[in-house]
>>> print(open('data-v6.cif').read())   # mmCIF, C-alpha atoms
data_work
#
loop_
_atom_site.group_PDB
_atom_site.id
_atom_site.type_symbol
_atom_site.label_atom_id
_atom_site.label_comp_id
_atom_site.auth_asym_id
_atom_site.auth_seq_id
_atom_site.Cartn_x
_atom_site.Cartn_y
_atom_site.Cartn_z
ATOM 1 C CA MET N 1 -73.156 -19.315 25.655
ATOM 2 C CA ARG N 2 -70.659 -18.247 28.315
ATOM 3 C CA PRO N 3 -70.435 -14.578 29.384
ATOM 4 C CA ILE N 4 -67.992 -12.185 27.754
ATOM 5 C CA ARG N 5 -64.715 -12.197 29.692
ATOM 6 C CA ILE N 6 -62.746 -9.013 30.293
ATOM 7 C CA ALA N 7 -59.199 -8.706 31.651
ATOM 8 C CA ALA N 8 -58.726 -5.292 33.283
ATOM 9 C CA LEU N 9 -55.125 -4.229 33.952
ATOM 10 C CA GLY N 10 -54.241 -1.219 36.112
ATOM 11 C CA GLY N 11 -50.743 0.218 36.163
ATOM 12 C CA SER N 12 -50.494 2.139 39.433
ATOM 13 C CA LEU N 13 -49.125 1.095 42.827
ATOM 14 C CA ARG N 14 -50.313 4.265 44.557
ATOM 15 C CA ALA N 15 -52.910 3.959 47.299
ATOM 16 C CA GLY N 16 -56.043 5.808 46.217
ATOM 17 C CA SER N 17 -54.997 5.684 42.577
ATOM 18 C CA VAL N 18 -57.360 7.589 40.275
ATOM 19 C CA SER N 19 -56.467 5.321 37.337
ATOM 20 C CA ALA N 20 -57.386 2.270 39.425
ATOM 21 C CA ALA N 21 -60.685 3.927 40.385
ATOM 22 C CA ALA N 22 -61.444 4.706 36.732
ATOM 23 C CA LEU N 23 -60.628 1.109 35.805
ATOM 24 C CA ARG N 24 -62.912 -0.226 38.539
ATOM 25 C CA THR N 25 -65.692 2.012 37.200
ATOM 26 C CA CYS N 26 -65.301 0.482 33.730
ATOM 27 C CA ALA N 27 -65.151 -2.998 35.262
ATOM 28 C CA ALA N 28 -68.358 -2.346 37.206
ATOM 29 C CA ARG N 29 -70.071 -1.201 34.011
ATOM 30 C CA ALA N 30 -68.976 -4.387 32.242
ATOM 31 C CA ARG N 31 -70.169 -6.581 35.126
ATOM 32 C CA ARG N 32 -73.583 -4.901 35.107
ATOM 33 C CA ALA N 33 -73.793 -5.821 31.428
ATOM 34 C CA GLY N 34 -73.197 -9.475 32.322
ATOM 35 C CA ALA N 35 -69.461 -9.766 31.669
ATOM 36 C CA GLU N 36 -66.993 -11.648 33.833
ATOM 37 C CA VAL N 37 -64.137 -9.318 34.768
ATOM 38 C CA THR N 38 -60.705 -10.261 36.089
ATOM 39 C CA LEU N 39 -59.176 -7.170 37.678
ATOM 40 C CA LEU N 40 -55.380 -7.149 38.014
ATOM 41 C CA CYS N 41 -54.280 -3.873 39.494
ATOM 42 C CA GLY N 42 -51.194 -2.442 41.198
ATOM 43 C CA PRO N 43 -49.421 -5.096 43.303
ATOM 44 C CA GLU N 44 -51.017 -7.862 41.223
ATOM 45 C CA LEU N 45 -49.007 -6.579 38.253
ATOM 46 C CA ALA N 46 -45.748 -6.214 40.207
ATOM 47 C CA LEU N 47 -43.896 -8.692 38.004
ATOM 48 C CA PRO N 48 -40.146 -9.213 37.772
ATOM 49 C CA PRO N 49 -38.578 -7.204 34.917
ATOM 50 C CA TYR N 50 -39.320 -8.975 31.661
ATOM 51 C CA ASP N 51 -36.462 -11.326 30.752
ATOM 52 C CA PRO N 52 -36.881 -13.269 27.497
ATOM 53 C CA GLU N 53 -34.434 -15.877 28.801
ATOM 54 C CA ALA N 54 -36.226 -16.493 32.092
ATOM 55 C CA GLY N 55 -37.125 -20.150 32.496
ATOM 56 C CA VAL N 56 -39.462 -19.837 35.488
ATOM 57 C CA ARG N 57 -42.628 -17.750 35.568
ATOM 58 C CA SER N 58 -43.852 -16.116 38.768
ATOM 59 C CA ALA N 59 -47.343 -16.779 40.107
ATOM 60 C CA ALA N 60 -48.326 -13.196 39.235
ATOM 61 C CA GLU N 61 -47.177 -13.646 35.635
ATOM 62 C CA LEU N 62 -49.109 -16.903 35.312
ATOM 63 C CA ARG N 63 -52.258 -15.163 36.604
ATOM 64 C CA LEU N 64 -51.803 -12.368 34.067
ATOM 65 C CA LEU N 65 -51.274 -14.741 31.149
ATOM 66 C CA ALA N 66 -54.247 -16.901 32.160
ATOM 67 C CA ALA N 67 -56.515 -13.840 32.374
ATOM 68 C CA LEU N 68 -55.439 -12.592 28.941
ATOM 69 C CA ARG N 69 -55.755 -16.016 27.322
ATOM 70 C CA ALA N 70 -59.312 -16.340 28.611
ATOM 71 C CA ALA N 71 -60.313 -12.778 27.742
ATOM 72 C CA ASP N 72 -62.573 -11.640 24.920
ATOM 73 C CA GLY N 73 -61.663 -8.035 25.690
ATOM 74 C CA VAL N 74 -59.060 -6.081 27.618
ATOM 75 C CA LEU N 75 -59.116 -2.804 29.547
ATOM 76 C CA LEU N 76 -55.824 -0.972 30.139
ATOM 77 C CA ALA N 77 -55.522 1.893 32.620
ATOM 78 C CA SER N 78 -52.402 3.843 33.522
ATOM 79 C CA PRO N 79 -51.330 6.969 35.324
ATOM 80 C CA THR N 80 -49.300 9.299 33.114
ATOM 81 C CA TYR N 81 -45.622 9.308 34.012
ATOM 82 C CA HIS N 82 -43.550 11.831 32.051
ATOM 83 C CA GLY N 83 -45.836 11.626 29.046
ATOM 84 C CA GLY N 84 -46.053 7.827 28.901
ATOM 85 C CA MET N 85 -47.654 4.845 30.556
ATOM 86 C CA SER N 86 -46.307 3.561 33.861
ATOM 87 C CA GLY N 87 -43.355 1.186 33.875
ATOM 88 C CA LEU N 88 -45.497 -1.247 35.857
ATOM 89 C CA LEU N 89 -48.010 -1.611 33.034
ATOM 90 C CA LYS N 90 -45.408 -1.549 30.264
ATOM 91 C CA ASN N 91 -43.521 -4.385 31.965
ATOM 92 C CA ALA N 92 -46.749 -6.381 32.265
ATOM 93 C CA LEU N 93 -47.398 -5.910 28.548
ATOM 94 C CA ASP N 94 -43.827 -6.992 27.799
ATOM 95 C CA HIS N 95 -44.557 -10.262 29.619
ATOM 96 C CA THR N 96 -47.295 -10.988 27.054
ATOM 97 C CA GLU N 97 -44.505 -12.102 24.730
ATOM 98 C CA ALA N 98 -45.299 -15.483 26.308
ATOM 99 C CA LEU N 99 -48.520 -15.410 24.248
ATOM 100 C CA ALA N 100 -46.656 -15.101 20.939
ATOM 101 C CA LYS N 101 -47.055 -18.752 19.972
ATOM 102 C CA ASP N 102 -50.669 -19.044 21.087
ATOM 103 C CA THR N 103 -53.401 -19.461 18.481
ATOM 104 C CA PRO N 104 -54.348 -16.680 18.080
ATOM 105 C CA GLY N 105 -51.132 -15.019 19.227
ATOM 106 C CA TYR N 106 -50.715 -12.133 21.639
ATOM 107 C CA LEU N 107 -54.012 -10.188 21.941
ATOM 108 C CA ASP N 108 -55.170 -11.001 18.417
ATOM 109 C CA GLY N 109 -58.955 -10.741 18.176
ATOM 110 C CA ARG N 110 -59.409 -9.059 21.567
ATOM 111 C CA ALA N 111 -61.028 -5.656 21.816
ATOM 112 C CA VAL N 112 -58.836 -3.321 23.883
ATOM 113 C CA GLY N 113 -60.014 -0.185 25.675
ATOM 114 C CA CYS N 114 -57.397 2.295 26.928
ATOM 115 C CA LEU N 115 -57.540 5.056 29.512
ATOM 116 C CA THR N 116 -54.989 7.272 31.203
ATOM 117 C CA VAL N 117 -55.039 9.682 34.114
ATOM 118 C CA ALA N 118 -53.094 12.943 34.093
ATOM 119 C CA TRP N 119 -52.957 16.451 35.507
ATOM 120 C CA ASN N 120 -52.000 17.685 32.054
ATOM 121 C CA GLU N 121 -54.226 16.747 29.115
ATOM 122 C CA VAL N 122 -51.375 16.883 26.587
ATOM 123 C CA ALA N 123 -49.295 14.441 28.648
ATOM 124 C CA GLY N 124 -52.361 12.257 29.159
ATOM 125 C CA ALA N 125 -53.016 12.153 25.417
ATOM 126 C CA SER N 126 -49.391 11.150 24.809
ATOM 127 C CA ALA N 127 -49.669 8.318 27.333
ATOM 128 C CA LEU N 128 -52.967 7.246 25.781
ATOM 129 C CA ALA N 129 -51.341 7.099 22.352
ATOM 130 C CA SER N 130 -48.560 4.882 23.721
ATOM 131 C CA LEU N 131 -51.119 2.534 25.309
ATOM 132 C CA ARG N 132 -53.051 2.263 22.062
ATOM 133 C CA ALA N 133 -49.839 1.698 20.092
ATOM 134 C CA SER N 134 -48.826 -1.136 22.410
ATOM 135 C CA ALA N 135 -52.292 -2.711 22.174
ATOM 136 C CA GLN N 136 -52.139 -2.613 18.379
ATOM 137 C CA ALA N 137 -48.558 -3.931 18.320
ATOM 138 C CA LEU N 138 -49.900 -6.895 20.296
ATOM 139 C CA ARG N 139 -52.538 -7.337 17.564
ATOM 140 C CA GLY N 140 -55.358 -6.151 19.803
ATOM 141 C CA TRP N 141 -58.251 -4.156 18.373
ATOM 142 C CA ALA N 142 -58.017 -0.766 20.078
ATOM 143 C CA VAL N 143 -61.606 0.512 20.240
ATOM 144 C CA PRO N 144 -62.336 4.005 18.878
ATOM 145 C CA MET N 145 -62.949 5.596 22.273
ATOM 146 C CA GLY N 146 -59.900 6.446 24.358
ATOM 147 C CA VAL N 147 -60.222 8.369 27.615
ATOM 148 C CA VAL N 148 -57.957 10.814 29.433
ATOM 149 C CA VAL N 149 -59.247 11.346 32.969
ATOM 150 C CA SER N 150 -58.219 14.372 35.008
ATOM 151 C CA ALA N 151 -56.222 13.441 38.109
ATOM 152 C CA ALA N 152 -58.604 15.675 40.067
ATOM 153 C CA THR N 153 -61.609 13.480 39.216
ATOM 154 C CA GLU N 154 -63.427 11.987 42.187
ATOM 155 C CA PHE N 155 -64.823 8.458 42.359
ATOM 156 C CA THR N 156 -67.148 6.884 44.906
ATOM 157 C CA ALA N 157 -66.757 3.747 46.976
ATOM 158 C CA ALA N 158 -69.499 2.249 44.761
ATOM 159 C CA ASP N 159 -67.197 2.500 41.710
ATOM 160 C CA THR N 160 -68.976 5.424 40.097
ATOM 161 C CA CYS N 161 -67.484 8.655 38.767
ATOM 162 C CA ALA N 162 -68.630 11.975 40.255
ATOM 163 C CA ASP N 163 -67.897 13.889 37.036
ATOM 164 C CA PRO N 164 -70.812 13.291 34.594
ATOM 165 C CA ARG N 165 -68.679 13.960 31.486
ATOM 166 C CA ALA N 166 -65.891 11.616 32.567
ATOM 167 C CA ALA N 167 -68.452 9.024 33.668
ATOM 168 C CA ARG N 168 -70.101 9.089 30.245
ATOM 169 C CA ARG N 169 -66.772 8.652 28.459
ATOM 170 C CA LEU N 170 -65.808 5.721 30.692
ATOM 171 C CA ASP N 171 -69.203 4.116 30.031
ATOM 172 C CA ILE N 172 -68.670 4.453 26.280
ATOM 173 C CA LEU N 173 -65.200 2.935 26.581
ATOM 174 C CA ALA N 174 -66.457 -0.109 28.506
ATOM 175 C CA ASP N 175 -69.450 -0.508 26.183
ATOM 176 C CA GLN N 176 -67.281 -0.439 23.052
ATOM 177 C CA VAL N 177 -65.025 -3.176 24.406
ATOM 178 C CA LEU N 178 -68.098 -5.292 25.158
ATOM 179 C CA ASP N 179 -69.717 -4.534 21.794
ATOM 180 C CA PHE N 180 -66.597 -5.462 19.819
ATOM 181 C CA ALA N 181 -66.145 -8.627 21.885
ATOM 182 C CA ARG N 182 -69.766 -9.631 21.247
ATOM 183 C CA MET N 183 -69.425 -9.013 17.513
ATOM 184 C CA ARG N 184 -66.337 -11.215 17.440
ATOM 185 C CA ARG N 185 -68.173 -13.915 19.364
ATOM 186 C CA SER N 186 -71.154 -13.735 16.992
ATOM 187 C CA CYS N 187 -68.900 -14.110 13.958
ATOM 188 C CA GLU N 188 -67.182 -17.123 15.484
ATOM 189 C CA ALA N 189 -70.499 -18.714 16.418
ATOM 190 C CA ALA N 190 -71.747 -18.242 12.859
ATOM 191 C CA ALA N 191 -68.398 -19.394 11.423
ATOM 192 C CA VAL N 192 -68.158 -16.097 9.516
ATOM 193 C CA PRO N 193 -64.604 -14.824 8.996
ATOM 194 C CA VAL N 194 -64.160 -11.453 10.705
ATOM 195 C CA GLY N 195 -63.829 -8.763 8.026
ATOM 196 C CA SER N 196 -65.705 -10.790 5.403
ATOM 197 C CA GLY N 197 -68.282 -9.158 3.177
ATOM 198 C CA VAL N 198 -68.487 -7.108 0.023
ATOM 199 C CA GLY N 199 -65.677 -4.761 0.981
ATOM 200 C CA ALA N 200 -63.370 -7.643 1.874
ATOM 201 C CA ALA N 201 -63.784 -9.151 -1.591
ATOM 202 C CA LEU N 202 -62.738 -5.999 -3.441
#
>>> encode(input="data-v6.cif", output="structure tokens")
Amino acid sequence: MRPIRIAALGGSLRAGSVSAAALRTCAARARRAGAEVTLLCGPELALPPYDPEAGVRSAAELRLLAALRAADGVLLASPTYHGGMSGLLKNALDHTEALAKDTPGYLDGRAVGCLTVAWNEVAGASALASLRASAQALRGWAVPMGVVVSAATEFTAADTCADPRAARRLDILADQVLDFARMRRSCEAAAVPVGSGVGAAL
């Protein structure tokens, strides 16, 4: 059976981005667990503004769509800009309209883990809520854990977090995405409809 595949999207163009560092930490955790991770961060998500009438897709958009189509799970990371996710990441998610007619469509069936970075926890929580709402609107399964990382958090060159509490929360986030993706894979392998069981029959 092939490894679990994770698409990790980071929504900051800033050099030394804390959200990118947090995303890399989650990606490293997933790789250590045997997952294949495609990391698309910053300039790799610098797509043209989403235009539903556009007839030609850029190379960056094609890479994004290919990564999401192949993914069993998705990680989304964004800096907090004025209480919401970055425009860079929101535009990338808008481009997933190209997945609407896929089977399954959009992010249906993919576990999605969300994290934001902020100086202010209230603003970070607001941005996290918008990320989770977008993931669910795209039919993704937002995992229970969501993480707001302080912008003052330090990360190492080895993709580890210096703050033990933040590190633990990021580990849980990555693990939940992997766990949900594995459960989905197990159900498909056993040809068991997801959500079946006693409760589903009531």
>>> residues_around(input="data-v6.cif", residues="Asp159 of chain N", least_positions_apart="2", cutoff="8 Å", atoms="all atoms listed in the file", output="PyMOL selection string")
chain N and resi 21-22+24-25+28+155-157+161
>>> atom_distance(input="data-v6.cif", atom1="atom CA of Tyr106 of chain N", atom2="atom CA of Arg57 of chain N")
17.1 Å
>>> residues_near_point(input="data-v6.cif", point="(-47.5, -6.9, 19.0)", cutoff="10 Å", atoms="all atoms listed in the file", output="list in words")
Leu93, Asp94, Thr96, Glu97, Ala100, Gly105, Tyr106, Leu107, Asp108, Ala133, Ser134, Ala135, Gln136, Ala137, Leu138, Arg139 and Gly140 of chain N
>>> closest_residue(input="data-v6.cif", among="N:Ile4, N:Gly146, N:Asp51, N:Ala189", to="Val37 of chain N", atoms="only C-alpha atoms")
N:Ile4
>>> resolve_selection(input="data-v6.cif", expression="the PyMOL selection byres ((chain N and resi 14) around 12)", output="short mmCIF file (atom, residue, chain, number, x, y, z; two decimals) with C-alpha atoms, in the frame of the given file")
data_model
loop_
_atom_site.label_atom_id
_atom_site.label_comp_id
_atom_site.auth_asym_id
_atom_site.auth_seq_id
_atom_site.Cartn_x
_atom_site.Cartn_y
_atom_site.Cartn_z
CA GLY N 10 -54.24 -1.22 36.11
CA GLY N 11 -50.74 0.22 36.16
CA SER N 12 -50.49 2.14 39.43
CA LEU N 13 -49.12 1.10 42.83
CA ALA N 15 -52.91 3.96 47.30
CA GLY N 16 -56.04 5.81 46.22
CA SER N 17 -55.00 5.68 42.58
CA VAL N 18 -57.36 7.59 40.28
CA SER N 19 -56.47 5.32 37.34
CA ALA N 20 -57.39 2.27 39.42
CA ALA N 21 -60.68 3.93 40.38
CA CYS N 41 -54.28 -3.87 39.49
CA GLY N 42 -51.19 -2.44 41.20
CA PRO N 43 -49.42 -5.10 43.30
CA SER N 78 -52.40 3.84 33.52
CA PRO N 79 -51.33 6.97 35.32
CA SER N 86 -46.31 3.56 33.86
CA LEU N 88 -45.50 -1.25 35.86
#
>>> axis_aligned_box(input="data-v6.cif", around="segment 86-96 of chain N", padding_each_side="5 Å", output="JSON")
{"center_x": -45.7, "center_y": -3.7, "center_z": 31.5, "size_x": 14.7, "size_y": 24.5, "size_z": 18.8}
>>> residues_near_point(input="data-v6.cif", point="(-46.0, 10.1, 35.9)", cutoff="10 Å", atoms="only C-alpha atoms", output="VMD selection string")
chain N and resid 12 78 to 87 117 to 119 123 to 124 127
>>> write_last_selection(input="data-v6.cif", atoms="C-alpha atoms", output="mmCIF file, keeping the file's coordinate frame")
data_model
loop_
_atom_site.group_PDB
_atom_site.id
_atom_site.type_symbol
_atom_site.label_atom_id
_atom_site.label_comp_id
_atom_site.auth_asym_id
_atom_site.auth_seq_id
_atom_site.Cartn_x
_atom_site.Cartn_y
_atom_site.Cartn_z
ATOM 1 C CA SER N 12 -50.494 2.139 39.433
ATOM 2 C CA SER N 78 -52.402 3.843 33.522
ATOM 3 C CA PRO N 79 -51.330 6.969 35.324
ATOM 4 C CA THR N 80 -49.300 9.299 33.114
ATOM 5 C CA TYR N 81 -45.622 9.308 34.012
ATOM 6 C CA HIS N 82 -43.550 11.831 32.051
ATOM 7 C CA GLY N 83 -45.836 11.626 29.046
ATOM 8 C CA GLY N 84 -46.053 7.827 28.901
ATOM 9 C CA MET N 85 -47.654 4.845 30.556
ATOM 10 C CA SER N 86 -46.307 3.561 33.861
ATOM 11 C CA GLY N 87 -43.355 1.186 33.875
ATOM 12 C CA VAL N 117 -55.039 9.682 34.114
ATOM 13 C CA ALA N 118 -53.094 12.943 34.093
ATOM 14 C CA TRP N 119 -52.957 16.451 35.507
ATOM 15 C CA ALA N 123 -49.295 14.441 28.648
ATOM 16 C CA GLY N 124 -52.361 12.257 29.159
ATOM 17 C CA ALA N 127 -49.669 8.318 27.333
#
>>> closest_atom_pairs(input="data-v6.cif", of="segment 55-108 of chain N", to="segment 169-184 of chain N", cutoff="9 Å", atoms="only C-alpha atoms", output="CSV")
residue,atom,partner,partner_atom,distance
N:Asp72,CA,N:Ala181,CA,5.6
N:Gly73,CA,N:Ala181,CA,5.9
N:Val74,CA,N:Val177,CA,7.4
N:Leu75,CA,N:Val177,CA,7.8
>>> atom_distance(input="data-v6.cif", atom1="atom CA of Ala60 of chain N", atom2="atom CA of Ser130 of chain N")
23.8 Å
>>> closest_residue(input="data-v6.cif", among="N:Val122, N:Ala27, N:Val112, N:Ala54", to="His95 of chain N", atoms="only C-alpha atoms")
N:Ala54
>>> atom_distance(input="data-v6.cif", atom1="atom CA of Val147 of chain N", atom2="atom CA of Leu23 of chain N")
11.0 Å
>>> resolve_selection(input="data-v6.cif", expression="the PyMOL selection byres ((chain N and resi 61-67) around 7)", output="ChimeraX atom specification")
/N:7,38,47,57-60,68-71,96
>>> closest_residue(input="data-v6.cif", among="N:Ala158, N:Val149, N:Val143, N:Val56", to="Leu115 of chain N", atoms="only C-alpha atoms")
N:Val149
>>> decode(input="data-v6.cif", residues="segment 108-119 of chain N", atoms="all heavy atoms", output="tab-separated table (two decimals), in the first residue's frame")
chain	number	residue	atom	x	y	z
N	108	ASP	N	-13.15	16.78	-0.83
N	108	ASP	CA	-14.01	15.77	-0.23
N	108	ASP	C	-13.20	14.54	0.17
N	108	ASP	O	-12.47	13.98	-0.64
N	108	ASP	CB	-15.10	15.39	-1.23
N	108	ASP	CG	-16.25	14.65	-0.58
N	108	ASP	OD1	-16.17	14.36	0.63
N	108	ASP	OD2	-17.23	14.36	-1.28
N	109	GLY	N	-13.34	14.12	1.43
N	109	GLY	CA	-12.65	12.94	1.91
N	109	GLY	C	-11.26	13.18	2.43
N	109	GLY	O	-10.65	12.27	3.01
N	110	ARG	N	-10.71	14.40	2.26
N	110	ARG	CA	-9.37	14.68	2.76
N	110	ARG	C	-9.44	15.27	4.17
N	110	ARG	O	-10.24	16.16	4.44
N	110	ARG	CB	-8.63	15.69	1.88
N	110	ARG	CG	-8.02	15.13	0.62
N	110	ARG	CD	-9.00	15.03	-0.49
N	110	ARG	NE	-8.36	15.03	-1.81
N	110	ARG	CZ	-9.05	15.08	-2.93
N	110	ARG	NH1	-10.37	15.16	-2.92
N	110	ARG	NH2	-8.43	15.07	-4.10
N	111	ALA	N	-8.60	14.77	5.04
N	111	ALA	CA	-8.45	15.38	6.36
N	111	ALA	C	-7.67	16.69	6.19
N	111	ALA	O	-6.70	16.74	5.44
N	111	ALA	CB	-7.69	14.44	7.29
N	112	VAL	N	-8.10	17.73	6.88
N	112	VAL	CA	-7.46	19.04	6.76
N	112	VAL	C	-7.08	19.57	8.14
N	112	VAL	O	-7.93	19.68	9.02
N	112	VAL	CB	-8.39	20.06	6.06
N	112	VAL	CG1	-7.67	21.40	5.88
N	112	VAL	CG2	-8.86	19.54	4.70
N	113	GLY	N	-5.80	19.88	8.31
N	113	GLY	CA	-5.32	20.47	9.55
N	113	GLY	C	-4.99	21.94	9.32
N	113	GLY	O	-4.36	22.27	8.31
N	114	CYS	N	-5.41	22.81	10.23
N	114	CYS	CA	-5.25	24.26	10.05
N	114	CYS	C	-4.46	24.87	11.19
N	114	CYS	O	-4.67	24.55	12.36
N	114	CYS	CB	-6.62	24.93	9.98
N	114	CYS	SG	-7.70	24.33	8.67
N	115	LEU	N	-3.56	25.79	10.83
N	115	LEU	CA	-2.83	26.54	11.84
N	115	LEU	C	-2.63	27.97	11.36
N	115	LEU	O	-2.54	28.24	10.16
N	115	LEU	CB	-1.48	25.89	12.15
N	115	LEU	CG	-0.35	25.95	11.12
N	115	LEU	CD1	0.55	27.17	11.35
N	115	LEU	CD2	0.47	24.67	11.14
N	116	THR	N	-2.60	28.88	12.34
N	116	THR	CA	-2.34	30.28	12.04
N	116	THR	C	-1.26	30.80	12.98
N	116	THR	O	-1.00	30.21	14.04
N	116	THR	CB	-3.60	31.15	12.21
N	116	THR	OG1	-4.08	31.04	13.56
N	116	THR	CG2	-4.69	30.72	11.24
N	117	VAL	N	-0.66	31.90	12.60
N	117	VAL	CA	0.35	32.57	13.42
N	117	VAL	C	-0.08	34.00	13.64
N	117	VAL	O	-0.52	34.67	12.70
N	117	VAL	CB	1.73	32.53	12.74
N	117	VAL	CG1	2.73	33.41	13.48
N	117	VAL	CG2	2.25	31.09	12.68
N	118	ALA	N	0.00	34.47	14.88
N	118	ALA	CA	-0.46	35.82	15.19
N	118	ALA	C	0.26	36.36	16.42
N	118	ALA	O	0.72	35.60	17.28
N	118	ALA	CB	-1.96	35.82	15.44
N	119	TRP	N	0.33	37.68	16.52
N	119	TRP	CA	0.79	38.33	17.74
N	119	TRP	C	-0.34	38.37	18.76
N	119	TRP	O	-0.12	38.38	19.96
N	119	TRP	CB	1.28	39.74	17.45
N	119	TRP	CG	2.61	39.79	16.75
N	119	TRP	CD1	2.83	40.11	15.44
N	119	TRP	CD2	3.89	39.50	17.31
N	119	TRP	NE1	4.17	40.03	15.15
N	119	TRP	CE2	4.84	39.67	16.28
N	119	TRP	CE3	4.33	39.11	18.58
N	119	TRP	CZ2	6.20	39.45	16.49
N	119	TRP	CZ3	5.68	38.91	18.78
N	119	TRP	CH2	6.61	39.09	17.74
